[in-house]
>>> print(open('upload_31.cif').read())   # mmCIF, C-alpha atoms and all ligand atoms
data_start
loop_
_atom_site.label_atom_id
_atom_site.label_comp_id
_atom_site.auth_asym_id
_atom_site.auth_seq_id
_atom_site.Cartn_x
_atom_site.Cartn_y
_atom_site.Cartn_z
CA MET A 1 -7.60 8.71 9.42
CA ARG A 2 -5.52 7.06 12.09
CA VAL A 3 -1.92 8.33 12.00
CA ILE A 4 0.88 6.27 13.54
CA ILE A 5 4.33 7.84 13.54
CA GLU A 6 7.29 5.50 13.96
CA SER A 7 10.84 6.69 14.45
CA ASP A 8 12.23 5.21 11.23
CA ALA A 9 11.54 3.08 8.16
CA GLN A 10 12.30 -0.12 10.06
CA GLY A 11 9.62 0.76 12.61
CA VAL A 12 7.14 1.37 9.79
CA GLY A 13 7.83 -2.08 8.30
CA TRP A 14 7.53 -3.73 11.71
CA ARG A 15 4.23 -2.01 12.55
CA ALA A 16 2.68 -2.51 9.12
CA ALA A 17 3.61 -6.20 9.10
CA ARG A 18 1.78 -6.62 12.42
CA PHE A 19 -1.36 -5.10 10.88
CA VAL A 20 -1.21 -7.52 7.96
CA ALA A 21 -0.32 -10.55 10.10
CA SER A 22 -3.15 -9.89 12.52
CA LEU A 23 -5.65 -9.91 9.62
CA VAL A 24 -4.15 -13.08 8.09
CA ARG A 25 -4.44 -14.83 11.48
CA ARG A 26 -8.02 -13.64 12.06
CA LYS A 27 -9.15 -14.34 8.50
CA PRO A 28 -6.86 -16.93 6.83
CA GLY A 29 -8.70 -16.60 3.49
CA CYS A 30 -8.43 -12.81 3.39
CA VAL A 31 -7.79 -10.74 0.25
CA LEU A 32 -4.75 -8.47 0.41
CA GLY A 33 -4.08 -5.54 -1.93
CA LEU A 34 -0.33 -5.16 -2.46
CA ALA A 35 2.00 -2.40 -3.63
CA THR A 36 5.51 -2.44 -5.10
CA GLY A 37 8.27 0.16 -4.69
CA GLY A 38 10.82 0.78 -1.98
CA THR A 39 8.40 1.61 0.83
CA PRO A 40 6.67 -1.75 1.47
CA LEU A 41 9.92 -3.76 1.30
CA GLY A 42 10.44 -3.57 5.09
CA THR A 43 6.87 -4.83 5.59
CA TYR A 44 7.38 -7.73 3.18
CA ASN A 45 10.69 -8.65 4.84
CA GLU A 46 9.07 -8.75 8.26
CA LEU A 47 6.12 -10.81 6.93
CA ILE A 48 8.60 -13.26 5.37
CA ARG A 49 10.36 -13.55 8.74
CA MET A 50 7.00 -14.16 10.45
CA HIS A 51 6.17 -16.84 7.90
CA GLN A 52 9.52 -18.57 8.37
CA GLN A 53 9.85 -18.23 12.14
CA GLU A 54 6.30 -17.86 13.42
CA SER A 55 4.40 -20.04 10.92
CA LEU A 56 2.38 -17.15 9.51
CA ASP A 57 0.33 -18.99 6.89
CA PHE A 58 -0.50 -17.42 3.53
CA SER A 59 -1.80 -20.61 1.89
CA GLN A 60 -5.41 -19.42 1.76
CA VAL A 61 -4.68 -15.74 1.12
CA THR A 62 -5.52 -14.10 -2.22
CA THR A 63 -3.55 -11.05 -3.34
CA PHE A 64 -4.09 -8.33 -5.94
CA ASN A 65 -1.33 -5.90 -6.85
CA LEU A 66 -2.15 -2.30 -7.56
CA ASP A 67 -0.37 -1.83 -10.84
CA GLU A 68 1.97 -3.00 -13.59
CA TYR A 69 3.90 -1.38 -16.43
CA VAL A 70 2.42 -1.87 -19.88
CA GLY A 71 4.65 -3.79 -22.29
CA LEU A 72 6.94 -5.53 -19.82
CA ASP A 73 7.05 -9.30 -19.78
CA PRO A 74 6.37 -10.79 -16.31
CA ALA A 75 9.93 -12.18 -16.37
CA HIS A 76 11.43 -8.71 -17.01
CA PRO A 77 13.46 -7.75 -13.90
CA GLN A 78 11.72 -4.36 -13.73
CA SER A 79 8.20 -5.71 -14.07
CA TYR A 80 6.10 -5.52 -10.93
CA ARG A 81 5.28 -9.24 -11.24
CA TYR A 82 9.02 -9.98 -11.04
CA PHE A 83 9.40 -7.55 -8.11
CA MET A 84 6.64 -9.29 -6.16
CA GLN A 85 7.98 -12.73 -6.99
CA GLU A 86 11.51 -11.89 -5.85
CA ASN A 87 10.68 -9.75 -2.84
CA PHE A 88 7.66 -11.54 -1.41
CA PHE A 89 5.81 -14.38 -3.14
CA ARG A 90 8.68 -16.85 -3.51
CA HIS A 91 9.53 -16.56 0.19
CA ILE A 92 6.04 -17.33 1.52
CA ASN A 93 3.49 -20.09 0.90
CA VAL A 94 0.98 -18.07 -1.11
CA ASP A 95 -0.76 -20.13 -3.82
CA PRO A 96 0.69 -18.82 -7.13
CA GLY A 97 -2.78 -19.09 -8.68
CA LYS A 98 -4.12 -16.65 -6.10
CA ALA A 99 -1.35 -14.02 -6.35
CA HIS A 100 -2.56 -11.55 -8.98
CA VAL A 101 -0.53 -8.79 -10.63
CA PRO A 102 -2.07 -6.96 -13.60
CA ASP A 103 -0.86 -8.35 -16.93
CA GLY A 104 0.94 -5.54 -18.76
CA ARG A 105 1.09 -7.72 -21.89
CA ALA A 106 -2.64 -8.38 -22.19
CA LYS A 107 -3.77 -8.25 -25.84
CA ASP A 108 -6.88 -6.17 -25.19
CA LEU A 109 -5.79 -3.92 -22.35
CA GLY A 110 -9.18 -2.20 -21.97
CA ALA A 111 -11.04 -5.51 -21.61
CA TYR A 112 -8.33 -6.85 -19.31
CA CYS A 113 -8.70 -3.88 -16.92
CA GLN A 114 -12.42 -4.67 -16.56
CA GLU A 115 -11.56 -8.32 -16.02
CA TYR A 116 -9.15 -7.37 -13.22
CA GLU A 117 -11.96 -5.47 -11.47
CA GLN A 118 -14.20 -8.54 -11.83
CA MET A 119 -11.51 -10.82 -10.40
CA ILE A 120 -11.33 -8.59 -7.30
CA GLU A 121 -15.09 -8.67 -7.00
CA HIS A 122 -15.27 -12.46 -7.39
CA ALA A 123 -12.64 -12.86 -4.69
CA GLY A 124 -14.99 -10.97 -2.35
CA GLY A 125 -13.30 -7.56 -2.50
CA ILE A 126 -10.05 -6.42 -0.91
CA ASP A 127 -9.90 -6.69 2.88
CA LEU A 128 -6.70 -4.71 3.39
CA GLN A 129 -5.00 -2.55 0.78
CA ILE A 130 -1.34 -1.65 1.32
CA LEU A 131 -0.41 1.66 -0.32
CA GLY A 132 2.78 3.63 -0.85
CA ILE A 133 2.62 7.25 -1.98
CA GLY A 134 4.43 9.15 -4.71
CA ARG A 135 6.14 12.52 -4.14
CA ASP A 136 3.25 14.05 -6.07
CA GLY A 137 0.71 12.35 -3.80
CA HIS A 138 -0.24 9.53 -6.17
CA ILE A 139 -1.54 6.18 -4.93
CA ALA A 140 -1.03 3.23 -7.25
CA PHE A 141 -0.35 5.01 -10.59
CA ASN A 142 -3.22 7.47 -10.11
CA GLU A 143 -1.29 10.55 -11.08
CA PRO A 144 -2.46 14.09 -10.25
CA GLY A 145 -5.70 14.83 -12.09
CA SER A 146 -6.95 11.23 -12.01
CA SER A 147 -10.65 10.94 -11.31
CA LEU A 148 -11.31 10.14 -7.67
CA GLY A 149 -13.96 7.68 -8.90
CA SER A 150 -11.61 5.96 -11.37
CA ARG A 151 -11.46 2.20 -11.84
CA THR A 152 -8.70 -0.10 -13.10
CA ARG A 153 -7.48 1.35 -16.39
CA LEU A 154 -4.51 2.48 -18.46
CA LYS A 155 -2.65 5.53 -17.21
CA SER A 156 0.19 7.67 -18.61
CA LEU A 157 2.91 8.24 -16.03
CA THR A 158 4.05 11.77 -15.21
CA GLY A 159 7.62 12.94 -15.82
CA GLU A 160 8.18 13.03 -12.05
CA THR A 161 7.15 9.37 -11.60
CA ILE A 162 9.23 8.31 -14.60
CA THR A 163 12.27 10.08 -13.10
CA ASP A 164 11.62 8.57 -9.64
CA ASN A 165 11.27 5.06 -11.05
CA ALA A 166 14.28 5.38 -13.38
CA ARG A 167 16.46 4.25 -10.46
CA PHE A 168 15.32 0.70 -11.12
CA PHE A 169 16.16 0.84 -14.86
CA GLU A 170 19.45 1.28 -16.73
CA ASP A 171 18.36 4.72 -17.86
CA GLU A 172 15.25 6.87 -17.86
CA SER A 173 14.43 6.19 -21.51
CA GLN A 174 13.70 2.55 -20.61
CA VAL A 175 10.93 3.37 -18.11
CA PRO A 176 7.58 2.47 -19.70
CA ARG A 177 5.28 5.46 -20.20
CA LEU A 178 2.05 3.56 -19.57
CA ALA A 179 0.78 1.43 -16.72
CA ILE A 180 -2.31 -0.54 -15.77
CA THR A 181 -3.45 0.71 -12.39
CA MET A 182 -6.32 0.14 -10.00
CA GLY A 183 -8.35 3.33 -9.84
CA VAL A 184 -8.87 5.58 -6.83
CA GLY A 185 -12.47 4.32 -6.74
CA THR A 186 -11.24 0.71 -6.73
CA ILE A 187 -8.94 1.48 -3.80
CA LEU A 188 -11.69 3.27 -1.87
CA GLU A 189 -13.81 0.10 -2.05
CA SER A 190 -11.28 -1.95 -0.08
CA ARG A 191 -12.43 -2.55 3.51
CA GLN A 192 -9.28 -1.16 5.10
CA CYS A 193 -6.27 0.78 3.82
CA LEU A 194 -2.76 0.91 5.18
CA LEU A 195 -0.87 3.93 3.83
CA LEU A 196 2.90 3.72 4.26
CA ALA A 197 5.45 6.51 3.81
CA THR A 198 9.08 6.98 4.77
CA GLY A 199 11.69 9.68 4.19
CA THR A 200 11.72 13.44 3.77
CA SER A 201 10.83 13.27 0.07
CA LYS A 202 7.31 12.16 1.10
CA ALA A 203 6.72 14.83 3.77
CA ARG A 204 4.90 17.28 1.51
CA ALA A 205 2.66 14.62 -0.03
CA ILE A 206 1.82 13.25 3.42
CA ARG A 207 0.88 16.69 4.71
CA SER A 208 -1.44 17.26 1.72
CA THR A 209 -2.93 13.77 2.04
CA ILE A 210 -3.70 13.89 5.75
CA GLU A 211 -4.23 17.58 6.49
CA GLY A 212 -4.95 19.11 3.09
CA SER A 213 -8.14 19.39 1.06
CA ILE A 214 -9.51 16.47 -0.91
CA THR A 215 -8.39 17.04 -4.46
CA ALA A 216 -7.70 15.04 -7.61
CA GLN A 217 -4.37 16.88 -7.71
CA VAL A 218 -3.26 14.73 -4.75
CA THR A 219 -5.05 11.44 -5.34
CA ALA A 220 -4.04 10.04 -1.93
CA SER A 221 -6.17 12.79 -0.32
CA ALA A 222 -9.25 10.80 -1.44
CA LEU A 223 -8.39 8.43 1.41
CA GLN A 224 -9.98 11.02 3.72
CA LEU A 225 -13.30 9.73 2.37
CA HIS A 226 -12.53 6.14 3.37
CA ARG A 227 -13.88 4.97 6.72
CA ASP A 228 -10.88 2.89 7.78
CA VAL A 229 -7.43 4.15 6.85
CA THR A 230 -4.32 3.84 8.97
CA ALA A 231 -1.25 5.79 7.91
CA VAL A 232 2.01 4.34 9.25
CA ILE A 233 4.79 6.80 8.53
CA ASP A 234 8.23 7.62 9.87
CA GLU A 235 9.40 10.84 11.55
CA GLU A 236 10.85 12.18 8.31
CA ALA A 237 7.64 11.68 6.34
CA ALA A 238 5.69 13.19 9.25
CA ALA A 239 7.88 16.31 9.41
CA TRP A 240 5.34 18.66 7.80
CA LEU A 241 2.28 17.53 9.79
CA THR A 242 0.89 20.20 12.12
CA ARG A 243 -1.30 18.01 14.37
CA ARG A 244 1.31 15.47 15.45
CA GLU A 245 0.61 15.99 19.14
CA TYR A 246 -3.03 15.04 18.68
CA TYR A 247 -2.16 11.93 16.63
CA ALA A 248 0.15 10.82 19.49
CA GLU A 249 -2.62 11.45 22.05
CA VAL A 250 -5.04 9.32 20.03
CA GLU A 251 -2.51 6.47 19.93
CA GLU A 252 -1.94 6.76 23.68
CA ALA A 253 -5.68 6.66 24.39
CA GLN A 254 -6.01 3.67 22.09
CA SER A 255 -3.35 1.69 23.94
CA LEU A 256 -4.84 2.65 27.35
CA LEU A 257 -8.20 1.37 26.11
CA GLU A 258 -6.65 -1.86 24.82
CA ASN A 259 -4.91 -2.39 28.17
CA GLY A 260 -8.08 -1.70 30.15
CA GLU A 261 -6.59 1.35 31.90
CA PHE A 262 -9.94 3.13 31.92
CA SER A 263 -9.32 5.37 34.95
CA ARG A 264 -6.41 7.05 33.13
CA LEU A 265 -8.91 7.93 30.40
CA GLY A 266 -11.26 9.53 32.93
CA ILE A 267 -13.74 6.64 32.62
CA GLY A 268 -15.45 5.70 35.89
CA ASN A 269 -13.79 8.49 37.89
CA GLN A 270 -17.06 10.33 38.61
C1 LIG A 301 3.57 0.89 -6.61
C2 LIG A 301 2.68 2.02 -6.41
C3 LIG A 301 3.20 3.41 -6.29
C4 LIG A 301 4.25 3.54 -5.19
C5 LIG A 301 4.74 4.98 -5.08
C6 LIG A 301 5.86 5.10 -4.06
O1 LIG A 301 2.84 -0.32 -6.72
O2 LIG A 301 1.50 1.82 -6.35
O3 LIG A 301 2.15 4.28 -6.03
O4 LIG A 301 3.68 3.13 -3.97
O5 LIG A 301 5.21 5.42 -6.32
O6 LIG A 301 6.97 4.36 -4.46
P1 LIG A 301 8.19 4.14 -3.47
O7 LIG A 301 7.70 3.28 -2.37
O8 LIG A 301 9.23 3.42 -4.30
O9 LIG A 301 8.63 5.48 -3.01
#
>>> encode(input="upload_31.cif", output="structure tokens")
Amino acid sequence: MRVIIESDAQGVGWRAARFVASLVRRKPGCVLGLATGGTPLGTYNELIRMHQQESLDFSQVTTFNLDEYVGLDPAHPQSYRYFMQENFFRHINVDPGKAHVPDGRAKDLGAYCQEYEQMIEHAGGIDLQILGIGRDGHIAFNEPGSSLGSRTRLKSLTGETITDNARFFEDESQVPRLAITMGVGTILESRQCLLLATGTSKARAIRSTIEGSITAQVTASALQLHRDVTAVIDEEAAAWLTRREYYAEVEEAQSLLENGEFSRLGIGNQ
């Protein structure tokens, strides 16, 4: 896993947006996997700025969101569809017919989850999946104990997640108990993952994800099995990592390589 440590949340948003923008420019018809929550907001804001000021074009992009609460109407201010509409979609030129968020009001939720998987497949699979992480190490709504091979399905939220997400609702009792979520297995099939984390509350989960053992108790740790994951995190989220020096050396070597400074890497000195 590549680990990039930025000084603060703003730096994380800036760096992550450049990852996404570079893919959209290289492959205008790419498929993006998107997350909600506080963490990716800086990334979305920077992408919106790039669309408005640098003509970053989303017209051919297809998107699939990770999850949605069960029972909330798409127009409900706390639904993830509404979140995406307000914080990203309505500010860019994505085709509304290509911006998918799971439907938490589907009549047959089981059948709908399978359909969502098929829609991803028909779109050609996800090129780049943006992920936040819960304090308990969840990705999407794959709470501790979720199968690491899981697919899109219904999931009961843990008390911790309900408490964390209550900040968006009037009170905790209004937070839905069930969500539709892509599975860990679905996420692992995306071609590239971008894991974002900011703030001290994520430090423990980030340590377990990057330097801990692979376990269903920390579903983000399954990302260690993926061949192309970049974690972009801030200093606070990185606070518990023990191999920070090495991650910085890797980044330095990478930029020397990109700039053709081979002699400083000991290449061609013999
Ligand atoms: C949301 C999602 C969740 C969040 C996680 C962190 O679509 O998939 O896994 O990424 O709960 O949320 P924030 O960013 O609000 O701390």
>>> residues_near_ligand(input="upload_31.cif", ligand="ligand LIG 301 (chain A)", cutoff="8 Å", atoms="only C-alpha atoms and all ligand atoms", output="VMD selection string")
chain A and resid 34 to 40 65 to 68 80 131 to 135 138 to 142 161 164 to 165 181 197 to 198 202
>>> residues_around(input="upload_31.cif", residues="segment 10-17 of chain A", least_positions_apart="6", cutoff="9 Å", atoms="only C-alpha atoms", output="list of chain:residue names")
A:Ile4, A:Thr39, A:Pro40, A:Leu41, A:Gly42, A:Thr43, A:Tyr44, A:Asn45, A:Glu46, A:Leu47, A:Met50, A:Ile130, A:Leu194, A:Leu196, A:Ala197, A:Thr198, A:Val232, A:Ile233, A:Asp234
>>> closest_residue(input="upload_31.cif", among="A:Ser156, A:Gln52, A:Thr219, A:Thr186", to="Pro144 of chain A", atoms="only C-alpha atoms")
A:Thr219
>>> closest_residue(input="upload_31.cif", among="A:Thr163, A:Gln129, A:Gln254, A:Ser7", to="Ala237 of chain A", atoms="only C-alpha atoms")
A:Ser7
>>> closest_residue(input="upload_31.cif", among="A:Ile162, A:Ile214, A:Val94, A:Cys193", to="Leu148 of chain A", atoms="all atoms listed in the file")
A:Ile214
>>> atom_distance(input="upload_31.cif", atom1="atom CA of Arg153 of chain A", atom2="atom CA of Cys113 of chain A")
5.4 Å
>>> closest_residue(input="upload_31.cif", among="A:Ala123, A:Ala238, A:Ile267, A:Ala166", to="Val31 of chain A", atoms="all atoms listed in the file")
A:Ala123
>>> atom_distance(input="upload_31.cif", atom1="atom CA of Leu157 of chain A", atom2="atom CA of Asp136 of chain A")
11.5 Å
>>> residues_around(input="upload_31.cif", residues="Leu188 of chain A", least_positions_apart="4", cutoff="12 Å", atoms="all atoms listed in the file", output="MDAnalysis selection string")
chainID A and resid 33 125:131 139:140 148:151 182:184 192:194 219:229
>>> atom_distance(input="upload_31.cif", atom1="atom CA of Ala21 of chain A", atom2="atom CA of Asp8 of chain A")
20.2 Å
>>> closest_residue(input="upload_31.cif", among="A:Asp57, A:Glu86, A:Glu6, A:Glu251", to="Arg25 of chain A", atoms="only C-alpha atoms")
A:Asp57
>>> closest_residue(input="upload_31.cif", among="A:Ser208, A:Ser79, A:Asn269, A:Asn259", to="Val175 of chain A", atoms="all atoms listed in the file")
A:Ser79
>>> residues_around(input="upload_31.cif", residues="Arg105 of chain A", least_positions_apart="3", cutoff="12 Å", atoms="all atoms listed in the file", output="ChimeraX atom specification")
/A:68-76,79,81,101-102,108-110,112-113,178-180
>>> decode(input="upload_31.cif", residues="segment 132-163 of chain A", atoms="N, CA, C and O atoms", output="PDB file, in the first residue's frame")
ATOM      1  N   GLY A 132     -13.574   6.378   2.613  1.00  0.00           N
ATOM      2  CA  GLY A 132     -13.253   6.913   3.931  1.00  0.00           C
ATOM      3  C   GLY A 132     -13.085   5.714   4.845  1.00  0.00           C
ATOM      4  O   GLY A 132     -13.127   4.559   4.387  1.00  0.00           O
ATOM      5  N   ILE A 133     -12.906   5.951   6.116  1.00  0.00           N
ATOM      6  CA  ILE A 133     -12.774   4.826   7.063  1.00  0.00           C
ATOM      7  C   ILE A 133     -13.453   5.203   8.377  1.00  0.00           C
ATOM      8  O   ILE A 133     -13.360   6.354   8.828  1.00  0.00           O
ATOM      9  N   GLY A 134     -14.165   4.256   8.958  1.00  0.00           N
ATOM     10  CA  GLY A 134     -14.812   4.506  10.246  1.00  0.00           C
ATOM     11  C   GLY A 134     -13.809   4.349  11.385  1.00  0.00           C
ATOM     12  O   GLY A 134     -12.736   3.782  11.211  1.00  0.00           O
ATOM     13  N   ARG A 135     -14.170   4.847  12.578  1.00  0.00           N
ATOM     14  CA  ARG A 135     -13.271   4.702  13.737  1.00  0.00           C
ATOM     15  C   ARG A 135     -13.005   3.237  14.044  1.00  0.00           C
ATOM     16  O   ARG A 135     -11.987   2.868  14.606  1.00  0.00           O
ATOM     17  N   ASP A 136     -13.988   2.384  13.689  1.00  0.00           N
ATOM     18  CA  ASP A 136     -13.817   0.948  13.939  1.00  0.00           C
ATOM     19  C   ASP A 136     -13.169   0.239  12.745  1.00  0.00           C
ATOM     20  O   ASP A 136     -13.131  -0.984  12.679  1.00  0.00           O
ATOM     21  N   GLY A 137     -12.681   1.016  11.788  1.00  0.00           N
ATOM     22  CA  GLY A 137     -11.975   0.414  10.649  1.00  0.00           C
ATOM     23  C   GLY A 137     -12.893  -0.053   9.535  1.00  0.00           C
ATOM     24  O   GLY A 137     -12.463  -0.780   8.644  1.00  0.00           O
ATOM     25  N   HIS A 138     -14.156   0.389   9.546  1.00  0.00           N
ATOM     26  CA  HIS A 138     -15.042  -0.056   8.455  1.00  0.00           C
ATOM     27  C   HIS A 138     -14.771   0.717   7.165  1.00  0.00           C
ATOM     28  O   HIS A 138     -14.347   1.874   7.202  1.00  0.00           O
ATOM     29  N   ILE A 139     -14.978   0.060   6.038  1.00  0.00           N
ATOM     30  CA  ILE A 139     -15.033   0.742   4.739  1.00  0.00           C
ATOM     31  C   ILE A 139     -16.438   0.498   4.190  1.00  0.00           C
ATOM     32  O   ILE A 139     -16.997  -0.577   4.372  1.00  0.00           O
ATOM     33  N   ALA A 140     -16.967   1.518   3.504  1.00  0.00           N
ATOM     34  CA  ALA A 140     -18.392   1.555   3.191  1.00  0.00           C
ATOM     35  C   ALA A 140     -19.116   1.269   4.516  1.00  0.00           C
ATOM     36  O   ALA A 140     -18.690   1.758   5.567  1.00  0.00           O
ATOM     37  N   PHE A 141     -20.172   0.448   4.535  1.00  0.00           N
ATOM     38  CA  PHE A 141     -20.799   0.117   5.827  1.00  0.00           C
ATOM     39  C   PHE A 141     -20.448  -1.327   6.194  1.00  0.00           C
ATOM     40  O   PHE A 141     -21.249  -2.038   6.793  1.00  0.00           O
ATOM     41  N   ASN A 142     -19.258  -1.759   5.820  1.00  0.00           N
ATOM     42  CA  ASN A 142     -18.818  -3.116   6.193  1.00  0.00           C
ATOM     43  C   ASN A 142     -18.256  -3.062   7.602  1.00  0.00           C
ATOM     44  O   ASN A 142     -17.073  -2.820   7.817  1.00  0.00           O
ATOM     45  N   GLU A 143     -19.163  -3.288   8.536  1.00  0.00           N
ATOM     46  CA  GLU A 143     -18.822  -3.181   9.953  1.00  0.00           C
ATOM     47  C   GLU A 143     -17.946  -4.364  10.375  1.00  0.00           C
ATOM     48  O   GLU A 143     -17.848  -5.360   9.658  1.00  0.00           O
ATOM     49  N   PRO A 144     -17.260  -4.239  11.540  1.00  0.00           N
ATOM     50  CA  PRO A 144     -16.415  -5.344  11.998  1.00  0.00           C
ATOM     51  C   PRO A 144     -17.169  -6.673  11.971  1.00  0.00           C
ATOM     52  O   PRO A 144     -18.324  -6.755  12.382  1.00  0.00           O
ATOM     53  N   GLY A 145     -16.514  -7.685  11.438  1.00  0.00           N
ATOM     54  CA  GLY A 145     -17.132  -9.012  11.346  1.00  0.00           C
ATOM     55  C   GLY A 145     -17.690  -9.292   9.965  1.00  0.00           C
ATOM     56  O   GLY A 145     -18.053 -10.431   9.661  1.00  0.00           O
ATOM     57  N   SER A 146     -17.759  -8.263   9.110  1.00  0.00           N
ATOM     58  CA  SER A 146     -18.269  -8.491   7.746  1.00  0.00           C
ATOM     59  C   SER A 146     -17.318  -9.418   7.008  1.00  0.00           C
ATOM     60  O   SER A 146     -16.093  -9.302   7.154  1.00  0.00           O
ATOM     61  N   SER A 147     -17.876 -10.269   6.173  1.00  0.00           N
ATOM     62  CA  SER A 147     -17.032 -11.168   5.382  1.00  0.00           C
ATOM     63  C   SER A 147     -16.138 -10.350   4.452  1.00  0.00           C
ATOM     64  O   SER A 147     -16.590  -9.388   3.831  1.00  0.00           O
ATOM     65  N   LEU A 148     -14.890 -10.751   4.360  1.00  0.00           N
ATOM     66  CA  LEU A 148     -13.971 -10.022   3.476  1.00  0.00           C
ATOM     67  C   LEU A 148     -14.256 -10.346   2.006  1.00  0.00           C
ATOM     68  O   LEU A 148     -13.680  -9.740   1.121  1.00  0.00           O
ATOM     69  N   GLY A 149     -15.139 -11.320   1.773  1.00  0.00           N
ATOM     70  CA  GLY A 149     -15.543 -11.628   0.387  1.00  0.00           C
ATOM     71  C   GLY A 149     -16.930 -11.080   0.074  1.00  0.00           C
ATOM     72  O   GLY A 149     -17.488 -11.396  -0.973  1.00  0.00           O
ATOM     73  N   SER A 150     -17.493 -10.285   0.991  1.00  0.00           N
ATOM     74  CA  SER A 150     -18.902  -9.876   0.846  1.00  0.00           C
ATOM     75  C   SER A 150     -19.164  -9.037  -0.399  1.00  0.00           C
ATOM     76  O   SER A 150     -18.269  -8.372  -0.921  1.00  0.00           O
ATOM     77  N   ARG A 151     -20.420  -9.107  -0.852  1.00  0.00           N
ATOM     78  CA  ARG A 151     -20.876  -8.333  -2.007  1.00  0.00           C
ATOM     79  C   ARG A 151     -21.912  -7.309  -1.533  1.00  0.00           C
ATOM     80  O   ARG A 151     -22.266  -7.286  -0.344  1.00  0.00           O
ATOM     81  N   THR A 152     -22.438  -6.531  -2.452  1.00  0.00           N
ATOM     82  CA  THR A 152     -23.467  -5.542  -2.101  1.00  0.00           C
ATOM     83  C   THR A 152     -24.645  -6.242  -1.420  1.00  0.00           C
ATOM     84  O   THR A 152     -25.160  -7.251  -1.915  1.00  0.00           O
ATOM     85  N   ARG A 153     -25.034  -5.708  -0.263  1.00  0.00           N
ATOM     86  CA  ARG A 153     -26.062  -6.374   0.543  1.00  0.00           C
ATOM     87  C   ARG A 153     -26.587  -5.427   1.611  1.00  0.00           C
ATOM     88  O   ARG A 153     -26.068  -4.325   1.763  1.00  0.00           O
ATOM     89  N   LEU A 154     -27.533  -5.933   2.420  1.00  0.00           N
ATOM     90  CA  LEU A 154     -28.041  -5.170   3.552  1.00  0.00           C
ATOM     91  C   LEU A 154     -27.134  -5.373   4.743  1.00  0.00           C
ATOM     92  O   LEU A 154     -26.622  -6.477   4.965  1.00  0.00           O
ATOM     93  N   LYS A 155     -26.938  -4.339   5.540  1.00  0.00           N
ATOM     94  CA  LYS A 155     -26.057  -4.466   6.696  1.00  0.00           C
ATOM     95  C   LYS A 155     -26.659  -3.698   7.863  1.00  0.00           C
ATOM     96  O   LYS A 155     -27.166  -2.584   7.687  1.00  0.00           O
ATOM     97  N   SER A 156     -26.590  -4.268   9.077  1.00  0.00           N
ATOM     98  CA  SER A 156     -27.002  -3.539  10.283  1.00  0.00           C
ATOM     99  C   SER A 156     -25.829  -2.694  10.755  1.00  0.00           C
ATOM    100  O   SER A 156     -24.710  -3.193  10.823  1.00  0.00           O
ATOM    101  N   LEU A 157     -26.076  -1.448  11.077  1.00  0.00           N
ATOM    102  CA  LEU A 157     -24.993  -0.579  11.535  1.00  0.00           C
ATOM    103  C   LEU A 157     -24.684  -0.842  13.006  1.00  0.00           C
ATOM    104  O   LEU A 157     -25.581  -1.179  13.783  1.00  0.00           O
ATOM    105  N   THR A 158     -23.433  -0.652  13.386  1.00  0.00           N
ATOM    106  CA  THR A 158     -23.063  -0.828  14.794  1.00  0.00           C
ATOM    107  C   THR A 158     -23.468   0.419  15.575  1.00  0.00           C
ATOM    108  O   THR A 158     -23.665   1.499  15.002  1.00  0.00           O
ATOM    109  N   GLY A 159     -23.519   0.278  16.899  1.00  0.00           N
ATOM    110  CA  GLY A 159     -23.840   1.404  17.781  1.00  0.00           C
ATOM    111  C   GLY A 159     -22.848   2.542  17.572  1.00  0.00           C
ATOM    112  O   GLY A 159     -23.230   3.722  17.563  1.00  0.00           O
ATOM    113  N   GLU A 160     -21.573   2.200  17.372  1.00  0.00           N
ATOM    114  CA  GLU A 160     -20.538   3.233  17.205  1.00  0.00           C
ATOM    115  C   GLU A 160     -20.803   4.066  15.944  1.00  0.00           C
ATOM    116  O   GLU A 160     -20.721   5.295  15.960  1.00  0.00           O
ATOM    117  N   THR A 161     -21.140   3.379  14.841  1.00  0.00           N
ATOM    118  CA  THR A 161     -21.413   4.089  13.583  1.00  0.00           C
ATOM    119  C   THR A 161     -22.667   4.935  13.715  1.00  0.00           C
ATOM    120  O   THR A 161     -22.715   6.081  13.247  1.00  0.00           O
ATOM    121  N   ILE A 162     -23.686   4.388  14.388  1.00  0.00           N
ATOM    122  CA  ILE A 162     -24.924   5.144  14.574  1.00  0.00           C
ATOM    123  C   ILE A 162     -24.628   6.423  15.371  1.00  0.00           C
ATOM    124  O   ILE A 162     -25.052   7.520  15.010  1.00  0.00           O
ATOM    125  N   THR A 163     -23.825   6.293  16.431  1.00  0.00           N
ATOM    126  CA  THR A 163     -23.465   7.462  17.239  1.00  0.00           C
ATOM    127  C   THR A 163     -22.663   8.457  16.407  1.00  0.00           C
ATOM    128  O   THR A 163     -22.926   9.662  16.422  1.00  0.00           O
TER     129      THR A 163
END
